[in-house]
>>> print(open('entry-v6.pdb').read())   # PDB, C-alpha atoms
ATOM      1  CA  MET A   1      99.887  25.837 135.705
ATOM      2  CA  PRO A   2     101.274  25.469 132.189
ATOM      3  CA  ALA A   3     101.030  22.162 130.411
ATOM      4  CA  MET A   4     104.120  20.098 129.799
ATOM      5  CA  PRO A   5     105.464  20.408 126.279
ATOM      6  CA  PRO A   6     105.013  17.412 124.003
ATOM      7  CA  ALA A   7     107.620  14.735 124.596
ATOM      8  CA  SER A   8     109.017  15.200 121.115
ATOM      9  CA  SER A   9     109.756  18.897 121.626
ATOM     10  CA  THR A  10     113.401  19.887 121.546
ATOM     11  CA  PRO A  11     114.856  21.000 124.873
ATOM     12  CA  VAL A  12     114.983  24.668 125.715
ATOM     13  CA  GLN A  13     118.482  26.061 125.318
ATOM     14  CA  ILE A  14     119.723  28.550 127.894
ATOM     15  CA  LEU A  15     123.015  30.369 127.532
ATOM     16  CA  LEU A  16     124.423  31.271 130.926
ATOM     17  CA  VAL A  17     127.239  33.822 130.854
ATOM     18  CA  GLU A  18     128.764  33.848 134.306
ATOM     19  CA  ASP A  19     132.388  33.927 135.420
ATOM     20  CA  SER A  20     131.801  33.051 139.063
ATOM     21  CA  PRO A  21     131.758  29.231 139.442
ATOM     22  CA  ASP A  22     129.732  29.484 142.659
ATOM     23  CA  ASP A  23     127.037  31.618 141.068
ATOM     24  CA  ALA A  24     127.007  29.409 137.980
ATOM     25  CA  ASP A  25     126.608  26.224 140.055
ATOM     26  CA  LEU A  26     123.778  27.726 142.044
ATOM     27  CA  MET A  27     121.997  28.888 138.886
ATOM     28  CA  ILE A  28     122.426  25.585 137.067
ATOM     29  CA  GLU A  29     120.999  23.709 140.058
ATOM     30  CA  ALA A  30     118.024  26.061 140.206
ATOM     31  CA  LEU A  31     117.389  25.907 136.453
ATOM     32  CA  LYS A  32     117.383  22.101 136.484
ATOM     33  CA  GLU A  33     114.591  22.039 139.053
ATOM     34  CA  GLY A  34     112.047  23.469 136.625
ATOM     35  CA  ARG A  35     109.606  21.222 134.803
ATOM     36  CA  LEU A  36     110.811  22.009 131.312
ATOM     37  CA  GLU A  37     113.618  20.072 129.735
ATOM     38  CA  VAL A  38     116.428  22.610 129.575
ATOM     39  CA  ARG A  39     119.985  22.453 128.336
ATOM     40  CA  ILE A  40     122.242  24.916 130.063
ATOM     41  CA  ASN A  41     125.262  26.113 128.149
ATOM     42  CA  LEU A  42     127.766  27.858 130.392
ATOM     43  CA  VAL A  43     130.401  30.249 129.126
ATOM     44  CA  GLU A  44     132.615  32.293 131.403
ATOM     45  CA  ASP A  45     133.450  35.443 129.534
ATOM     46  CA  GLY A  46     131.994  37.878 127.044
ATOM     47  CA  GLU A  47     134.069  36.824 124.049
ATOM     48  CA  ASP A  48     133.075  33.194 124.510
ATOM     49  CA  ALA A  49     129.440  34.280 124.780
ATOM     50  CA  LEU A  50     129.572  35.999 121.385
ATOM     51  CA  ALA A  51     131.507  33.111 119.829
ATOM     52  CA  PHE A  52     128.796  30.756 121.115
ATOM     53  CA  LEU A  53     126.011  32.954 119.721
ATOM     54  CA  ARG A  54     127.718  33.352 116.349
ATOM     55  CA  ASN A  55     128.936  29.751 116.065
ATOM     56  CA  GLU A  56     132.517  30.850 115.762
ATOM     57  CA  GLY A  57     135.718  28.913 116.465
ATOM     58  CA  ALA A  58     135.113  25.919 118.716
ATOM     59  CA  GLN A  59     131.407  26.804 118.923
ATOM     60  CA  GLN A  60     130.402  25.894 115.367
ATOM     61  CA  THR A  61     127.747  23.435 116.509
ATOM     62  CA  ALA A  62     126.433  25.532 119.408
ATOM     63  CA  PRO A  63     122.620  25.681 119.472
ATOM     64  CA  ARG A  64     120.766  28.979 119.179
ATOM     65  CA  PRO A  65     119.715  29.862 122.740
ATOM     66  CA  ASP A  66     116.083  30.584 123.648
ATOM     67  CA  LEU A  67     117.205  32.723 126.561
ATOM     68  CA  VAL A  68     120.446  34.380 127.629
ATOM     69  CA  LEU A  69     121.262  34.998 131.292
ATOM     70  CA  LEU A  70     124.023  37.564 131.310
ATOM     71  CA  ASP A  71     126.215  38.827 134.122
ATOM     72  CA  LEU A  72     127.528  42.377 133.650
ATOM     73  CA  HIS A  73     130.971  41.882 135.182
ATOM     74  CA  LEU A  74     132.836  39.537 132.898
ATOM     75  CA  PRO A  75     136.432  39.076 131.791
ATOM     76  CA  ARG A  76     137.570  39.963 128.262
ATOM     77  CA  LYS A  77     134.292  41.513 127.123
ATOM     78  CA  ASN A  78     131.872  42.800 129.734
ATOM     79  CA  GLY A  79     128.138  42.264 129.792
ATOM     80  CA  PHE A  80     127.363  45.703 128.341
ATOM     81  CA  GLU A  81     129.507  44.948 125.286
ATOM     82  CA  VAL A  82     127.914  41.535 124.776
ATOM     83  CA  LEU A  83     124.447  43.055 125.143
ATOM     84  CA  ALA A  84     125.200  45.911 122.735
ATOM     85  CA  GLU A  85     126.596  43.541 120.095
ATOM     86  CA  MET A  86     123.677  41.142 120.417
ATOM     87  CA  LYS A  87     121.047  43.836 120.141
ATOM     88  CA  LYS A  88     122.678  45.349 117.037
ATOM     89  CA  ASP A  89     122.854  41.976 115.305
ATOM     90  CA  VAL A  90     119.756  41.174 113.213
ATOM     91  CA  GLU A  91     120.336  37.458 113.734
ATOM     92  CA  LEU A  92     120.561  37.711 117.519
ATOM     93  CA  ARG A  93     118.587  40.692 118.723
ATOM     94  CA  HIS A  94     115.296  38.800 119.158
ATOM     95  CA  ILE A  95     116.810  36.521 121.808
ATOM     96  CA  PRO A  96     115.685  37.627 125.267
ATOM     97  CA  VAL A  97     118.572  38.748 127.452
ATOM     98  CA  VAL A  98     118.057  38.806 131.201
ATOM     99  CA  ILE A  99     120.742  40.778 133.018
ATOM    100  CA  LEU A 100     121.619  39.326 136.407
ATOM    101  CA  THR A 101     123.913  41.490 138.420
ATOM    102  CA  SER A 102     124.905  42.341 141.957
ATOM    103  CA  SER A 103     125.638  45.598 143.730
ATOM    104  CA  ASP A 104     125.374  47.822 140.723
ATOM    105  CA  SER A 105     124.528  51.470 140.572
ATOM    106  CA  GLU A 106     121.184  52.644 139.294
ATOM    107  CA  GLN A 107     123.099  53.960 136.276
ATOM    108  CA  ALA A 108     124.221  50.434 135.334
ATOM    109  CA  PHE A 109     120.588  49.351 135.155
ATOM    110  CA  LEU A 110     119.651  52.395 133.063
ATOM    111  CA  ASP A 111     122.546  51.703 130.694
ATOM    112  CA  ALA A 112     121.506  48.076 130.306
ATOM    113  CA  TYR A 113     117.903  49.034 129.544
ATOM    114  CA  ASN A 114     119.092  51.679 127.085
ATOM    115  CA  LEU A 115     121.043  48.924 125.323
ATOM    116  CA  HIS A 116     117.762  46.952 125.068
ATOM    117  CA  ALA A 117     118.252  44.416 127.814
ATOM    118  CA  ASN A 118     114.924  42.581 128.020
ATOM    119  CA  CYS A 119     115.000  42.864 131.789
ATOM    120  CA  CYS A 120     117.407  43.364 134.668
ATOM    121  CA  VAL A 121     117.371  41.469 137.940
ATOM    122  CA  SER A 122     119.472  42.135 141.047
ATOM    123  CA  LYS A 123     121.178  39.009 142.365
ATOM    124  CA  PRO A 124     119.949  38.436 145.891
ATOM    125  CA  VAL A 125     122.760  37.887 148.417
ATOM    126  CA  ASP A 126     120.861  35.109 150.187
ATOM    127  CA  GLN A 127     121.415  31.820 148.341
ATOM    128  CA  ASP A 128     117.899  30.428 148.755
ATOM    129  CA  GLU A 129     116.415  33.671 147.562
ATOM    130  CA  TYR A 130     118.826  33.680 144.630
ATOM    131  CA  ALA A 131     117.744  30.178 143.599
ATOM    132  CA  LEU A 132     114.093  31.206 143.879
ATOM    133  CA  VAL A 133     114.664  34.257 141.672
ATOM    134  CA  VAL A 134     116.435  32.117 139.045
ATOM    135  CA  ARG A 135     113.493  29.691 139.002
ATOM    136  CA  LYS A 136     111.052  32.567 138.617
ATOM    137  CA  ILE A 137     113.055  33.983 135.706
ATOM    138  CA  GLU A 138     113.048  30.570 134.053
ATOM    139  CA  HIS A 139     109.333  30.052 134.640
ATOM    140  CA  PHE A 140     108.357  33.467 133.328
ATOM    141  CA  TRP A 141     110.537  33.460 130.215
ATOM    142  CA  LEU A 142     109.982  29.841 129.249
ATOM    143  CA  THR A 143     106.315  29.325 130.080
ATOM    144  CA  VAL A 144     104.564  32.722 130.294
ATOM    145  CA  ALA A 145     106.401  34.702 127.595
ATOM    146  CA  GLN A 146     106.338  33.697 123.947
ATOM    147  CA  ARG A 147     109.548  32.429 122.446
ATOM    148  CA  VAL A 148     110.742  32.944 118.920
ATOM    149  CA  ARG A 149     110.877  29.502 117.375
ATOM    150  CA  ARG A 150     114.274  28.363 116.200
ATOM    151  CA  THR A 151     114.552  28.030 112.470
TER     152      THR A 151
ATOM    153  CA  MET B   1     112.500  41.303 147.838
ATOM    154  CA  HIS B   2     112.140  44.343 145.675
ATOM    155  CA  PRO B   3     113.652  47.690 146.600
ATOM    156  CA  LEU B   4     111.202  50.533 146.780
ATOM    157  CA  LEU B   5     111.231  52.368 143.514
ATOM    158  CA  ASN B   6     110.724  56.099 143.265
ATOM    159  CA  GLY B   7     111.087  56.454 147.012
ATOM    160  CA  GLY B   8     108.135  54.175 147.665
ATOM    161  CA  LYS B   9     105.774  55.795 145.190
ATOM    162  CA  PRO B  10     103.445  53.434 143.361
ATOM    163  CA  ILE B  11     104.612  51.803 140.140
ATOM    164  CA  GLU B  12     103.019  53.643 137.226
ATOM    165  CA  ILE B  13     101.729  51.322 134.518
ATOM    166  CA  LEU B  14     100.523  52.489 131.117
ATOM    167  CA  LEU B  15      97.977  50.053 129.698
ATOM    168  CA  VAL B  16      97.309  50.429 125.970
ATOM    169  CA  GLU B  17      94.257  48.328 125.170
ATOM    170  CA  ASP B  18      91.277  49.045 122.920
ATOM    171  CA  CYS B  19      89.025  46.292 124.224
ATOM    172  CA  VAL B  20      87.099  47.577 127.257
ATOM    173  CA  ASP B  21      86.437  44.120 128.727
ATOM    174  CA  GLU B  22      90.071  43.082 128.514
ATOM    175  CA  ALA B  23      91.250  46.403 129.933
ATOM    176  CA  GLU B  24      88.932  46.030 132.918
ATOM    177  CA  LEU B  25      89.988  42.445 133.495
ATOM    178  CA  THR B  26      93.651  43.445 133.289
ATOM    179  CA  MET B  27      93.210  46.328 135.718
ATOM    180  CA  GLU B  28      91.337  44.137 138.168
ATOM    181  CA  ALA B  29      94.086  41.511 138.096
ATOM    182  CA  LEU B  30      96.775  44.166 138.557
ATOM    183  CA  ARG B  31      94.975  45.727 141.524
ATOM    184  CA  ASP B  32      95.201  42.449 143.422
ATOM    185  CA  GLY B  33      99.006  42.454 143.181
ATOM    186  CA  ARG B  34     101.348  42.804 146.141
ATOM    187  CA  VAL B  35     103.117  45.872 144.805
ATOM    188  CA  ARG B  36     101.288  49.175 144.894
ATOM    189  CA  ASN B  37     100.653  50.319 141.351
ATOM    190  CA  ARG B  38      98.631  52.872 139.432
ATOM    191  CA  ILE B  39      97.224  51.968 136.073
ATOM    192  CA  HIS B  40      96.709  54.522 133.332
ATOM    193  CA  TRP B  41      94.536  53.166 130.570
ATOM    194  CA  VAL B  42      94.486  54.532 127.006
ATOM    195  CA  GLU B  43      92.628  52.985 124.096
ATOM    196  CA  ASP B  44      94.732  53.572 121.028
ATOM    197  CA  GLY B  45      98.290  54.059 119.857
ATOM    198  CA  GLU B  46      98.020  57.808 119.324
ATOM    199  CA  GLU B  47      96.782  58.303 122.890
ATOM    200  CA  ALA B  48      99.653  56.163 124.123
ATOM    201  CA  MET B  49     102.173  58.448 122.420
ATOM    202  CA  ALA B  50     100.350  61.580 123.681
ATOM    203  CA  PHE B  51     100.516  60.135 127.213
ATOM    204  CA  LEU B  52     104.228  59.396 126.897
ATOM    205  CA  HIS B  53     104.944  62.858 125.493
ATOM    206  CA  ARG B  54     102.563  64.525 127.994
ATOM    207  CA  GLN B  55     100.572  66.202 125.268
ATOM    208  CA  GLY B  56      97.031  67.628 125.413
ATOM    209  CA  ARG B  57      94.930  66.123 128.192
ATOM    210  CA  PHE B  58      97.971  64.133 129.327
ATOM    211  CA  ALA B  59     100.005  67.214 130.296
ATOM    212  CA  ALA B  60     100.227  66.035 133.909
ATOM    213  CA  ALA B  61     100.801  62.353 133.093
ATOM    214  CA  PRO B  62     103.514  60.576 135.074
ATOM    215  CA  ARG B  63     106.335  58.760 133.344
ATOM    216  CA  PRO B  64     105.323  55.096 133.265
ATOM    217  CA  ASP B  65     107.594  52.498 134.862
ATOM    218  CA  LEU B  66     106.127  49.805 132.625
ATOM    219  CA  ILE B  67     104.033  49.733 129.443
ATOM    220  CA  LEU B  68     101.554  46.953 128.667
ATOM    221  CA  LEU B  69     100.906  47.218 124.945
ATOM    222  CA  ASP B  70      98.358  45.483 122.735
ATOM    223  CA  LEU B  71      99.317  45.065 119.062
ATOM    224  CA  ARG B  72      95.960  45.490 117.336
ATOM    225  CA  LEU B  73      95.034  49.074 118.105
ATOM    226  CA  PRO B  74      93.053  51.780 116.317
ATOM    227  CA  LYS B  75      94.861  54.719 114.671
ATOM    228  CA  MET B  76      98.399  53.528 115.384
ATOM    229  CA  SER B  77      99.329  49.888 115.863
ATOM    230  CA  GLY B  78     101.253  48.448 118.773
ATOM    231  CA  HIS B  79     104.207  47.724 116.482
ATOM    232  CA  GLU B  80     104.269  51.441 115.531
ATOM    233  CA  VAL B  81     104.058  52.552 119.171
ATOM    234  CA  LEU B  82     106.865  50.128 120.030
ATOM    235  CA  ALA B  83     109.045  51.481 117.211
ATOM    236  CA  GLU B  84     108.546  55.082 118.412
ATOM    237  CA  VAL B  85     109.207  54.259 122.057
ATOM    238  CA  LYS B  86     112.306  52.186 121.329
ATOM    239  CA  SER B  87     113.860  54.800 119.036
ATOM    240  CA  ASP B  88     113.293  57.682 121.455
ATOM    241  CA  PRO B  89     116.361  58.272 123.656
ATOM    242  CA  ASP B  90     114.190  59.376 126.589
ATOM    243  CA  LEU B  91     111.620  56.604 126.357
ATOM    244  CA  LYS B  92     113.469  53.559 125.082
ATOM    245  CA  ARG B  93     114.499  52.241 128.497
ATOM    246  CA  ILE B  94     110.890  51.926 129.681
ATOM    247  CA  PRO B  95     110.088  48.202 129.558
ATOM    248  CA  VAL B  96     107.342  47.347 127.065
ATOM    249  CA  VAL B  97     105.443  44.103 127.553
ATOM    250  CA  ILE B  98     103.412  43.143 124.491
ATOM    251  CA  MET B  99     100.069  41.617 125.513
ATOM    252  CA  THR B 100      98.127  40.471 122.521
ATOM    253  CA  GLU B 101      95.754  37.816 121.198
ATOM    254  CA  SER B 102      98.237  37.033 118.453
ATOM    255  CA  ASP B 103     100.511  34.046 118.721
ATOM    256  CA  ASP B 104     101.579  34.494 115.095
ATOM    257  CA  GLU B 105     105.274  33.747 114.804
ATOM    258  CA  LYS B 106     105.692  36.846 112.580
ATOM    259  CA  ASP B 107     104.293  39.128 115.292
ATOM    260  CA  VAL B 108     106.492  37.551 117.957
ATOM    261  CA  ARG B 109     109.640  37.924 115.865
ATOM    262  CA  ARG B 110     108.770  41.439 114.709
ATOM    263  CA  ALA B 111     108.105  42.568 118.282
ATOM    264  CA  TYR B 112     111.329  41.099 119.687
ATOM    265  CA  ASP B 113     113.282  42.461 116.702
ATOM    266  CA  GLY B 114     111.722  45.859 117.507
ATOM    267  CA  TYR B 115     113.089  45.595 121.081
ATOM    268  CA  ALA B 116     109.886  44.650 122.862
ATOM    269  CA  ASN B 117     111.067  43.665 126.325
ATOM    270  CA  CYS B 118     108.677  40.767 126.415
ATOM    271  CA  TYR B 119     105.816  39.206 124.455
ATOM    272  CA  VAL B 120     102.884  37.441 126.068
ATOM    273  CA  THR B 121      99.940  35.952 124.191
ATOM    274  CA  LYS B 122      96.688  36.593 126.037
ATOM    275  CA  PRO B 123      94.853  33.364 126.753
ATOM    276  CA  VAL B 124      91.249  33.288 125.494
ATOM    277  CA  ASP B 125      89.992  31.591 128.654
ATOM    278  CA  MET B 126      89.139  34.228 131.283
ATOM    279  CA  ASP B 127      90.752  32.488 134.263
ATOM    280  CA  LYS B 128      93.915  31.824 132.290
ATOM    281  CA  PHE B 129      93.896  35.443 131.116
ATOM    282  CA  ILE B 130      93.811  36.663 134.735
ATOM    283  CA  GLU B 131      96.552  34.181 135.631
ATOM    284  CA  ALA B 132      98.729  35.516 132.791
ATOM    285  CA  VAL B 133      98.272  39.130 133.932
ATOM    286  CA  LYS B 134      99.150  38.107 137.493
ATOM    287  CA  SER B 135     102.279  36.338 136.227
ATOM    288  CA  ILE B 136     103.312  39.505 134.394
ATOM    289  CA  GLU B 137     102.605  41.599 137.490
ATOM    290  CA  GLU B 138     104.515  39.261 139.778
ATOM    291  CA  PHE B 139     107.544  39.025 137.503
ATOM    292  CA  TRP B 140     107.835  42.630 136.363
ATOM    293  CA  LEU B 141     106.920  44.283 139.662
ATOM    294  CA  THR B 142     108.616  42.015 142.191
ATOM    295  CA  ILE B 143     111.487  40.199 140.450
ATOM    296  CA  VAL B 144     112.648  42.704 137.856
ATOM    297  CA  HIS B 145     114.676  45.778 138.744
ATOM    298  CA  LEU B 146     112.800  48.416 136.742
ATOM    299  CA  PRO B 147     114.723  51.454 135.466
ATOM    300  CA  ALA B 148     114.553  54.287 137.959
ATOM    301  CA  ALA B 149     113.779  57.012 135.412
TER     302      ALA B 149
END
>>> encode(input="entry-v6.pdb", output="structure tokens")
Amino acid sequence: MPAMPPASSTPVQILLVEDSPDDADLMIEALKEGRLEVRINLVEDGEDALAFLRNEGAQQTAPRPDLVLLDLHLPRKNGFEVLAEMKKDVELRHIPVVILTSSDSEQAFLDAYNLHANCCVSKPVDQDEYALVVRKIEHFWLTVAQRVRRT
Amino acid sequence: MHPLLNGGKPIEILLVEDCVDEAELTMEALRDGRVRNRIHWVEDGEEAMAFLHRQGRFAAAPRPDLILLDLRLPKMSGHEVLAEVKSDPDLKRIPVVIMTESDDEKDVRRAYDGYANCYVTKPVDMDKFIEAVKSIEEFWLTIVHLPAA
């Protein structure tokens, strides 16, 4: 099991881009159960996600996320557009993006990988299973994988 | 939890690792996993590209579902392999997990900037090394929805 980070370490910042309040609540609950100190920043559409990432408008003091959890079906700008813009942007493309999506075609997954999604995960229908998957994503990306340190 | 990929065929993993001991340890840890997989081991970057392009002795090689790539490799480095894979329209969607001794911030940033799907630093301790490989196996083979082709 991984060691706890030093007490002085800054909390891990997760950007959650999810328009369904039920899914968002479930994910936030699951993410808070992990052992790392995490701050979850929730935005509900694709334009807000990019504004958050680029510190635009009302998001000028938004922290740089260590991990982005991105739904594909979003109002205003969909997940594919957010992903494509992030992965073209030299300031943002190193941030791991985990696509979380439900009932999509195989083609949607291929498209997301072609746009350099770091990984894609199908949302389980069962709520307990969904929470478990979210915790596993958090554990893997925050304690097994290396993170790019914020500068 | 995970839908059967490729109609239930095993997951094909390309392991690019020049250190024999680490390759054997990795393969052993992967064999213990819950998901049926086949590991194809090559020892340098040029062989990795030949495997992916089915050249020479790799003419009958399957398309890997996942690539485990070391950075320090003879002939062609892991960063160079990554750059070729991620700029090739047919190969770029194959997830590449960097597995390396390096925890140098420059390597981490360069790999993620070069569209590595994930970067894991190999622990020096043998038990922790096996644990890390098992974590990769569990996450990428049971939680992740890998691209179908």
>>> residues_around(input="entry-v6.pdb", residues="stretch 142-149 of chain A", least_positions_apart="2", cutoff="6 Å", atoms="all atoms listed in the file", output="compact mmCIF listing (two decimals) with C-alpha atoms, in the coordinates of the input")
# COMPACT_ATOMS: atom_id res chain seq x y z
CA GLU A 138 113.05 30.57 134.05
CA HIS A 139 109.33 30.05 134.64
CA PHE A 140 108.36 33.47 133.33
CA ARG B 109 109.64 37.92 115.86
CA TYR B 119 105.82 39.21 124.46
CA VAL B 120 102.88 37.44 126.07
>>> atom_distance(input="entry-v6.pdb", atom1="atom CA of A:Leu26", atom2="atom CA of B:Ala116")
29.1 Å
>>> resolve_selection(input="entry-v6.pdb", expression="the PyMOL selection byres ((chain B and resi 92-96) around 7)", output="number ranges by chain")
A: 110, 113-114; B: 65-69, 85-91, 97-98, 116-118, 147
>>> resolve_selection(input="entry-v6.pdb", expression="the ChimeraX specification (/B :<10) & /A", output="mmCIF file with C-alpha atoms, keeping the file's coordinate frame")
data_model
loop_
_atom_site.group_PDB
_atom_site.id
_atom_site.type_symbol
_atom_site.label_atom_id
_atom_site.label_comp_id
_atom_site.auth_asym_id
_atom_site.auth_seq_id
_atom_site.Cartn_x
_atom_site.Cartn_y
_atom_site.Cartn_z
ATOM 1 C CA MET A 1 99.887 25.837 135.705
ATOM 2 C CA PRO A 2 101.274 25.469 132.189
ATOM 3 C CA LYS A 87 121.047 43.836 120.141
ATOM 4 C CA LYS A 88 122.678 45.349 117.037
ATOM 5 C CA ASP A 89 122.854 41.976 115.305
ATOM 6 C CA VAL A 90 119.756 41.174 113.213
ATOM 7 C CA GLU A 91 120.336 37.458 113.734
ATOM 8 C CA LEU A 92 120.561 37.711 117.519
ATOM 9 C CA ARG A 93 118.587 40.692 118.723
ATOM 10 C CA HIS A 94 115.296 38.800 119.158
ATOM 11 C CA ILE A 95 116.810 36.521 121.808
ATOM 12 C CA PRO A 96 115.685 37.627 125.267
ATOM 13 C CA VAL A 97 118.572 38.748 127.452
ATOM 14 C CA VAL A 98 118.057 38.806 131.201
ATOM 15 C CA ILE A 99 120.742 40.778 133.018
ATOM 16 C CA LEU A 100 121.619 39.326 136.407
ATOM 17 C CA GLU A 106 121.184 52.644 139.294
ATOM 18 C CA GLN A 107 123.099 53.960 136.276
ATOM 19 C CA ALA A 108 124.221 50.434 135.334
ATOM 20 C CA PHE A 109 120.588 49.351 135.155
ATOM 21 C CA LEU A 110 119.651 52.395 133.063
ATOM 22 C CA ASP A 111 122.546 51.703 130.694
ATOM 23 C CA ALA A 112 121.506 48.076 130.306
ATOM 24 C CA TYR A 113 117.903 49.034 129.544
ATOM 25 C CA ASN A 114 119.092 51.679 127.085
ATOM 26 C CA LEU A 115 121.043 48.924 125.323
ATOM 27 C CA HIS A 116 117.762 46.952 125.068
ATOM 28 C CA ALA A 117 118.252 44.416 127.814
ATOM 29 C CA ASN A 118 114.924 42.581 128.020
ATOM 30 C CA CYS A 119 115.000 42.864 131.789
ATOM 31 C CA CYS A 120 117.407 43.364 134.668
ATOM 32 C CA VAL A 121 117.371 41.469 137.940
ATOM 33 C CA SER A 122 119.472 42.135 141.047
ATOM 34 C CA LYS A 123 121.178 39.009 142.365
ATOM 35 C CA PRO A 124 119.949 38.436 145.891
ATOM 36 C CA GLU A 129 116.415 33.671 147.562
ATOM 37 C CA LEU A 132 114.093 31.206 143.879
ATOM 38 C CA VAL A 133 114.664 34.257 141.672
ATOM 39 C CA VAL A 134 116.435 32.117 139.045
ATOM 40 C CA LYS A 136 111.052 32.567 138.617
ATOM 41 C CA ILE A 137 113.055 33.983 135.706
ATOM 42 C CA HIS A 139 109.333 30.052 134.640
ATOM 43 C CA PHE A 140 108.357 33.467 133.328
ATOM 44 C CA TRP A 141 110.537 33.460 130.215
ATOM 45 C CA THR A 143 106.315 29.325 130.080
ATOM 46 C CA VAL A 144 104.564 32.722 130.294
ATOM 47 C CA ALA A 145 106.401 34.702 127.595
ATOM 48 C CA GLN A 146 106.338 33.697 123.947
ATOM 49 C CA ARG A 147 109.548 32.429 122.446
ATOM 50 C CA VAL A 148 110.742 32.944 118.920
ATOM 51 C CA ARG A 149 110.877 29.502 117.375
#
>>> residues_around(input="entry-v6.pdb", residues="stretch 47-53 of chain A", least_positions_apart="6", cutoff="12 Å", atoms="all atoms listed in the file", output="JSON, numbers by chain")
{"A": [13, 14, 15, 16, 17, 18, 19, 41, 59, 60, 61, 62, 63, 64, 65, 66, 67, 68, 69, 70, 71, 74, 75, 76, 77, 78, 79, 80, 81, 82, 83, 84, 85, 86, 87, 89, 91, 92, 93, 95]}
>>> resolve_selection(input="entry-v6.pdb", expression="the PyMOL selection byres ((chain B and resi 19-22) around 12)", output="PyMOL selection string")
chain B and resi 15-18+23-29+41-44+69-74+99-101+122-126+129-130+133
>>> residues_around(input="entry-v6.pdb", residues="B:Ile11", least_positions_apart="4", cutoff="8 Å", atoms="all atoms listed in the file", output="VMD selection string")
chain B and resid 5 35 to 38 64 to 66 141
>>> write_last_selection(input="entry-v6.pdb", atoms="C-alpha atoms", output="mmCIF file, keeping the file's coordinate frame")
data_model
loop_
_atom_site.group_PDB
_atom_site.id
_atom_site.type_symbol
_atom_site.label_atom_id
_atom_site.label_comp_id
_atom_site.auth_asym_id
_atom_site.auth_seq_id
_atom_site.Cartn_x
_atom_site.Cartn_y
_atom_site.Cartn_z
ATOM 1 C CA LEU B 5 111.231 52.368 143.514
ATOM 2 C CA VAL B 35 103.117 45.872 144.805
ATOM 3 C CA ARG B 36 101.288 49.175 144.894
ATOM 4 C CA ASN B 37 100.653 50.319 141.351
ATOM 5 C CA ARG B 38 98.631 52.872 139.432
ATOM 6 C CA PRO B 64 105.323 55.096 133.265
ATOM 7 C CA ASP B 65 107.594 52.498 134.862
ATOM 8 C CA LEU B 66 106.127 49.805 132.625
ATOM 9 C CA LEU B 141 106.920 44.283 139.662
#
>>> atom_distance(input="entry-v6.pdb", atom1="atom CA of B:Glu84", atom2="atom CA of B:Gly56")
18.4 Å
>>> atom_distance(input="entry-v6.pdb", atom1="atom CA of B:Ala60", atom2="atom CA of B:Glu137")
24.8 Å
